[in-house]
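Chemist: What follows is a structure written as C-alpha cells; I'll ask about it next.
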Amino acid sequence: MDLEIYDETHQVSPEEIAFVRKLEDFAGDYLNLAPDTEMSITFVSDERIREINRDYRNTDRVTDVISFAIEEDNGEGLPADFEAELGIPRNIGDLFIDPDKVAEQARTYGHSYERELGYTCVHGFLHLNGYDHIKPEDEQVMIPLQAKILEAYGLTR
C-alpha cells in the first residue's frame, strides 16, 4: 500500500505512525488490493475535524474519522478499473482522523488507544473501499469484515 501519513497535530508518535502503516498494509492485503494502491491519512485536531464534518457532511460536531473515497465512475464513461487499464496506481481516497477523539473513545469503551486507533483506521479504510453501514444489509457485511480484519491482525477487545 502506498500510504501517505500527515500529522497536523504533531502529537502522533513515530511508533503509532508505524503501527497505522503496518495495519493498513495488512488490511489492504486482506482485501487483496494491489500493492501500489494509494491512500492518505491526516491526523487533525478536534477543531479541524469539526470544521471538515460541518463543511462536508453538514454535521457540526467532532468525530473520530472522516473518509473521502475517490469515486471510480466520474460520469464520463471511464471503466471501474481504468487505473489498471492505464497502468497507474488506484487511489482509494483520504482519511482524516482525530487522535484526541480516538483517545476519548478508547477511555469510554475501555480499550487501549492502540486498539481504538486500529478500529478507527480499519473502519475508515473500509469506507474508502466502498463499504458502508447505513443500511442494515450493508452493516451486516461491513462490521463483521472489520472485526475479521482486526482479529486476524491481533487487535481484539
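By order of appearance in the C-alpha cells: chains A, B, ..., then residues from 1 within every chain, and ligands from 1 in the order shown.
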Please extract the residues of stretch 35-104 of chain A with a backbone DSSP assignment of alpha helix (DSSP H) and present them as a ChimeraX atom specification.

Modeler: /A:46-57,82-86,99-104

Chemist: If we count only C-alpha atoms, what is near stretch 98-113 of chain A at a cut-off of 7 Å, once residues fewer than 4 positions away on the same chain are taken out, given as a list in words?

Modeler: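 Final neighbour list, sorted by chain and number: Phe43, Val44, Ser45, Asp46, Ile49, Thr63, Asp64, Val65, Leu117 and Arg157 of chain A.
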
Chemist: Write the residues of the preceding selection, restricted to all heavy atoms, as a tab-separated table (two decimals), in the first residue's frame.

Modeler:
chain	number	residue	atom	x	y	z
A	43	PHE	N	-3.83	13.21	10.39
A	43	PHE	CA	-4.26	13.36	11.78
A	43	PHE	C	-4.51	14.84	12.03
A	43	PHE	O	-3.65	15.69	11.74
A	43	PHE	CB	-3.19	12.82	12.74
A	43	PHE	CG	-3.07	11.32	12.67
A	43	PHE	CD1	-2.07	10.72	11.93
A	43	PHE	CD2	-3.97	10.50	13.35
A	43	PHE	CE1	-1.95	9.34	11.85
A	43	PHE	CE2	-3.87	9.12	13.27
A	43	PHE	CZ	-2.85	8.54	12.53
A	44	VAL	N	-5.70	15.15	12.56
A	44	VAL	CA	-6.12	16.54	12.74
A	44	VAL	C	-6.67	16.76	14.14
A	44	VAL	O	-7.00	15.80	14.86
A	44	VAL	CB	-7.18	16.94	11.68
A	44	VAL	CG1	-6.61	16.88	10.27
A	44	VAL	CG2	-8.43	16.08	11.79
A	45	SER	N	-6.81	18.02	14.50
A	45	SER	CA	-7.33	18.42	15.81
A	45	SER	C	-8.85	18.31	15.87
A	45	SER	O	-9.52	18.18	14.84
A	45	SER	CB	-6.92	19.87	16.09
A	45	SER	OG	-7.59	20.73	15.18
A	46	ASP	N	-9.38	18.43	17.09
A	46	ASP	CA	-10.83	18.48	17.27
A	46	ASP	C	-11.44	19.58	16.41
A	46	ASP	O	-12.46	19.37	15.75
A	46	ASP	CB	-11.19	18.78	18.73
A	46	ASP	CG	-11.00	17.61	19.68
A	46	ASP	OD1	-10.80	16.47	19.23
A	46	ASP	OD2	-11.08	17.86	20.91
A	49	ILE	N	-11.35	18.66	12.56
A	49	ILE	CA	-12.27	17.61	12.13
A	49	ILE	C	-13.72	18.09	12.25
A	49	ILE	O	-14.57	17.74	11.43
A	49	ILE	CB	-12.04	16.27	12.84
A	49	ILE	CG1	-12.52	15.12	11.93
A	49	ILE	CG2	-12.72	16.21	14.20
A	49	ILE	CD1	-11.85	13.81	12.16
A	63	THR	N	-15.77	14.27	15.43
A	63	THR	CA	-15.91	12.84	15.19
A	63	THR	C	-14.52	12.22	15.13
A	63	THR	O	-13.52	12.94	15.09
A	63	THR	CB	-16.71	12.58	13.89
A	63	THR	OG1	-17.02	11.18	13.80
A	63	THR	CG2	-15.96	13.02	12.66
A	64	ASP	N	-14.44	10.90	15.14
A	64	ASP	CA	-13.14	10.24	15.15
A	64	ASP	C	-12.49	10.16	13.78
A	64	ASP	O	-11.30	10.36	13.64
A	64	ASP	CB	-13.24	8.84	15.77
A	64	ASP	CG	-14.28	7.95	15.10
A	64	ASP	OD1	-15.07	8.43	14.28
A	64	ASP	OD2	-14.31	6.75	15.42
A	65	VAL	N	-13.29	9.85	12.75
A	65	VAL	CA	-12.74	9.66	11.41
A	65	VAL	C	-13.73	10.14	10.36
A	65	VAL	O	-14.94	9.95	10.52
A	65	VAL	CB	-12.33	8.19	11.15
A	65	VAL	CG1	-13.52	7.25	11.26
A	65	VAL	CG2	-11.62	8.01	9.82
A	117	LEU	N	-7.40	3.10	17.89
A	117	LEU	CA	-6.80	3.67	16.69
A	117	LEU	C	-6.89	2.66	15.54
A	117	LEU	O	-7.23	3.01	14.41
A	117	LEU	CB	-5.35	4.07	16.94
A	117	LEU	CG	-4.60	4.67	15.76
A	117	LEU	CD1	-5.28	5.95	15.25
A	117	LEU	CD2	-3.14	4.96	16.15
A	157	ARG	N	-10.75	-7.06	21.50
A	157	ARG	CA	-11.25	-6.24	22.62
A	157	ARG	C	-10.63	-6.66	23.94
A	157	ARG	O	-10.31	-7.69	24.25
A	157	ARG	CB	-12.77	-6.34	22.72
A	157	ARG	CG	-13.41	-5.63	21.58
A	157	ARG	CD	-14.92	-5.69	21.72
A	157	ARG	NE	-15.48	-4.91	20.65
A	157	ARG	CZ	-16.21	-3.81	20.83
A	157	ARG	NH1	-16.48	-3.40	22.02
A	157	ARG	NH2	-16.69	-3.16	19.81

Chemist: Hey, can you check how far atom CA of A:Ile66 sits from atom CA of A:His127?

Modeler: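 Calculated distance between atom CA of A:Ile66 and atom CA of A:His127 is 9.2 Å.
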
Chemist: If you run DSSP over the backbone, which residues in stretch 51-144 of chain A end up strand (DSSP E)? Put them as a list in words.

Modeler: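 For stretch 51-144 of chain A, the strand (DSSP E) set is Val65, Ile66, Ser67, Phe68, Ala69, Asn91, Ile92, Gly93, Asp94, Leu95, Phe96 and Ile97 of chain A.
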
Chemist: With N, CA, C and O atoms retained, export the selected residues as a JSON list (two decimals), in the first residue's frame.

Modeler:
[["chain", "number", "residue", "atom", "x", "y", "z"],
["A", 65, "VAL", "N", -13.29, 9.85, 12.75],
["A", 65, "VAL", "CA", -12.74, 9.66, 11.41],
["A", 65, "VAL", "C", -13.73, 10.14, 10.36],
["A", 65, "VAL", "O", -14.94, 9.95, 10.52],
["A", 66, "ILE", "N", -13.21, 10.75, 9.33],
["A", 66, "ILE", "CA", -14.00, 11.12, 8.16],
["A", 66, "ILE", "C", -13.26, 10.56, 6.95],
["A", 66, "ILE", "O", -12.04, 10.72, 6.83],
["A", 67, "SER", "N", -14.01, 9.93, 6.08],
["A", 67, "SER", "CA", -13.41, 9.34, 4.88],
["A", 67, "SER", "C", -13.92, 10.05, 3.64],
["A", 67, "SER", "O", -15.09, 10.40, 3.54],
["A", 68, "PHE", "N", -13.01, 10.26, 2.72],
["A", 68, "PHE", "CA", -13.33, 10.81, 1.41],
["A", 68, "PHE", "C", -12.85, 9.81, 0.36],
["A", 68, "PHE", "O", -11.68, 9.81, -0.02],
["A", 69, "ALA", "N", -13.77, 8.96, -0.07],
["A", 69, "ALA", "CA", -13.44, 7.96, -1.08],
["A", 69, "ALA", "C", -13.40, 8.63, -2.44],
["A", 69, "ALA", "O", -14.17, 9.55, -2.73],
["A", 91, "ASN", "N", -6.05, 5.09, -6.55],
["A", 91, "ASN", "CA", -6.11, 5.91, -5.35],
["A", 91, "ASN", "C", -7.51, 5.76, -4.77],
["A", 91, "ASN", "O", -8.49, 6.10, -5.41],
["A", 92, "ILE", "N", -7.59, 5.23, -3.53],
["A", 92, "ILE", "CA", -8.90, 4.98, -2.93],
["A", 92, "ILE", "C", -9.42, 6.16, -2.13],
["A", 92, "ILE", "O", -10.61, 6.21, -1.82],
["A", 93, "GLY", "N", -8.56, 7.12, -1.77],
["A", 93, "GLY", "CA", -9.05, 8.30, -1.07],
["A", 93, "GLY", "C", -8.25, 8.69, 0.14],
["A", 93, "GLY", "O", -7.10, 8.30, 0.32],
["A", 94, "ASP", "N", -8.93, 9.48, 0.99],
["A", 94, "ASP", "CA", -8.27, 10.12, 2.13],
["A", 94, "ASP", "C", -9.07, 9.93, 3.41],
["A", 94, "ASP", "O", -10.31, 10.01, 3.39],
["A", 95, "LEU", "N", -8.35, 9.71, 4.51],
["A", 95, "LEU", "CA", -8.95, 9.66, 5.83],
["A", 95, "LEU", "C", -8.44, 10.83, 6.65],
["A", 95, "LEU", "O", -7.26, 11.18, 6.57],
["A", 96, "PHE", "N", -9.32, 11.40, 7.45],
["A", 96, "PHE", "CA", -8.95, 12.40, 8.45],
["A", 96, "PHE", "C", -9.31, 11.80, 9.80],
["A", 96, "PHE", "O", -10.46, 11.39, 10.01],
["A", 97, "ILE", "N", -8.33, 11.71, 10.68],
["A", 97, "ILE", "CA", -8.51, 11.07, 11.99],
["A", 97, "ILE", "C", -8.13, 12.06, 13.08],
["A", 97, "ILE", "O", -7.09, 12.72, 13.02]]

Chemist: Find, counting only C-alpha atoms, the residue in A:Glu24, A:Glu8, A:Glu139, A:Asp60 that gets nearest to A:Phe125.

Modeler: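 Under the stated criterion, the closest residue is A:Glu24.
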
Chemist: Find, counting only C-alpha atoms, the residue in A:Val62, A:Val141, A:Ile88, A:Cys121 that gets nearest to A:Val20.

Modeler: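 Among the listed residues, the smallest separation from A:Val20 belongs to A:Cys121.
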
Chemist: With only C-alpha atoms as the basis for distance, which of A:Ile70, A:Ile52, A:Met39, A:Ala34 is at the shortest distance from A:Gly87?

Modeler: A:Ala34

Chemist: Find the residues around A:Thr37 up to 6 Å (only C-alpha atoms counted), leave out those fewer than 6 positions away in its own chain, and share them as a list in words.

Modeler: Met1, Asp2, Pro89, Arg90 and Asn91 of chain A

Chemist: From the set A:Ile5, A:Val122, A:Ile41, A:Ile17, which residue has the shortest atom-to-atom contact distance to A:Met142, counting only C-alpha atoms?

Modeler: A:Val122
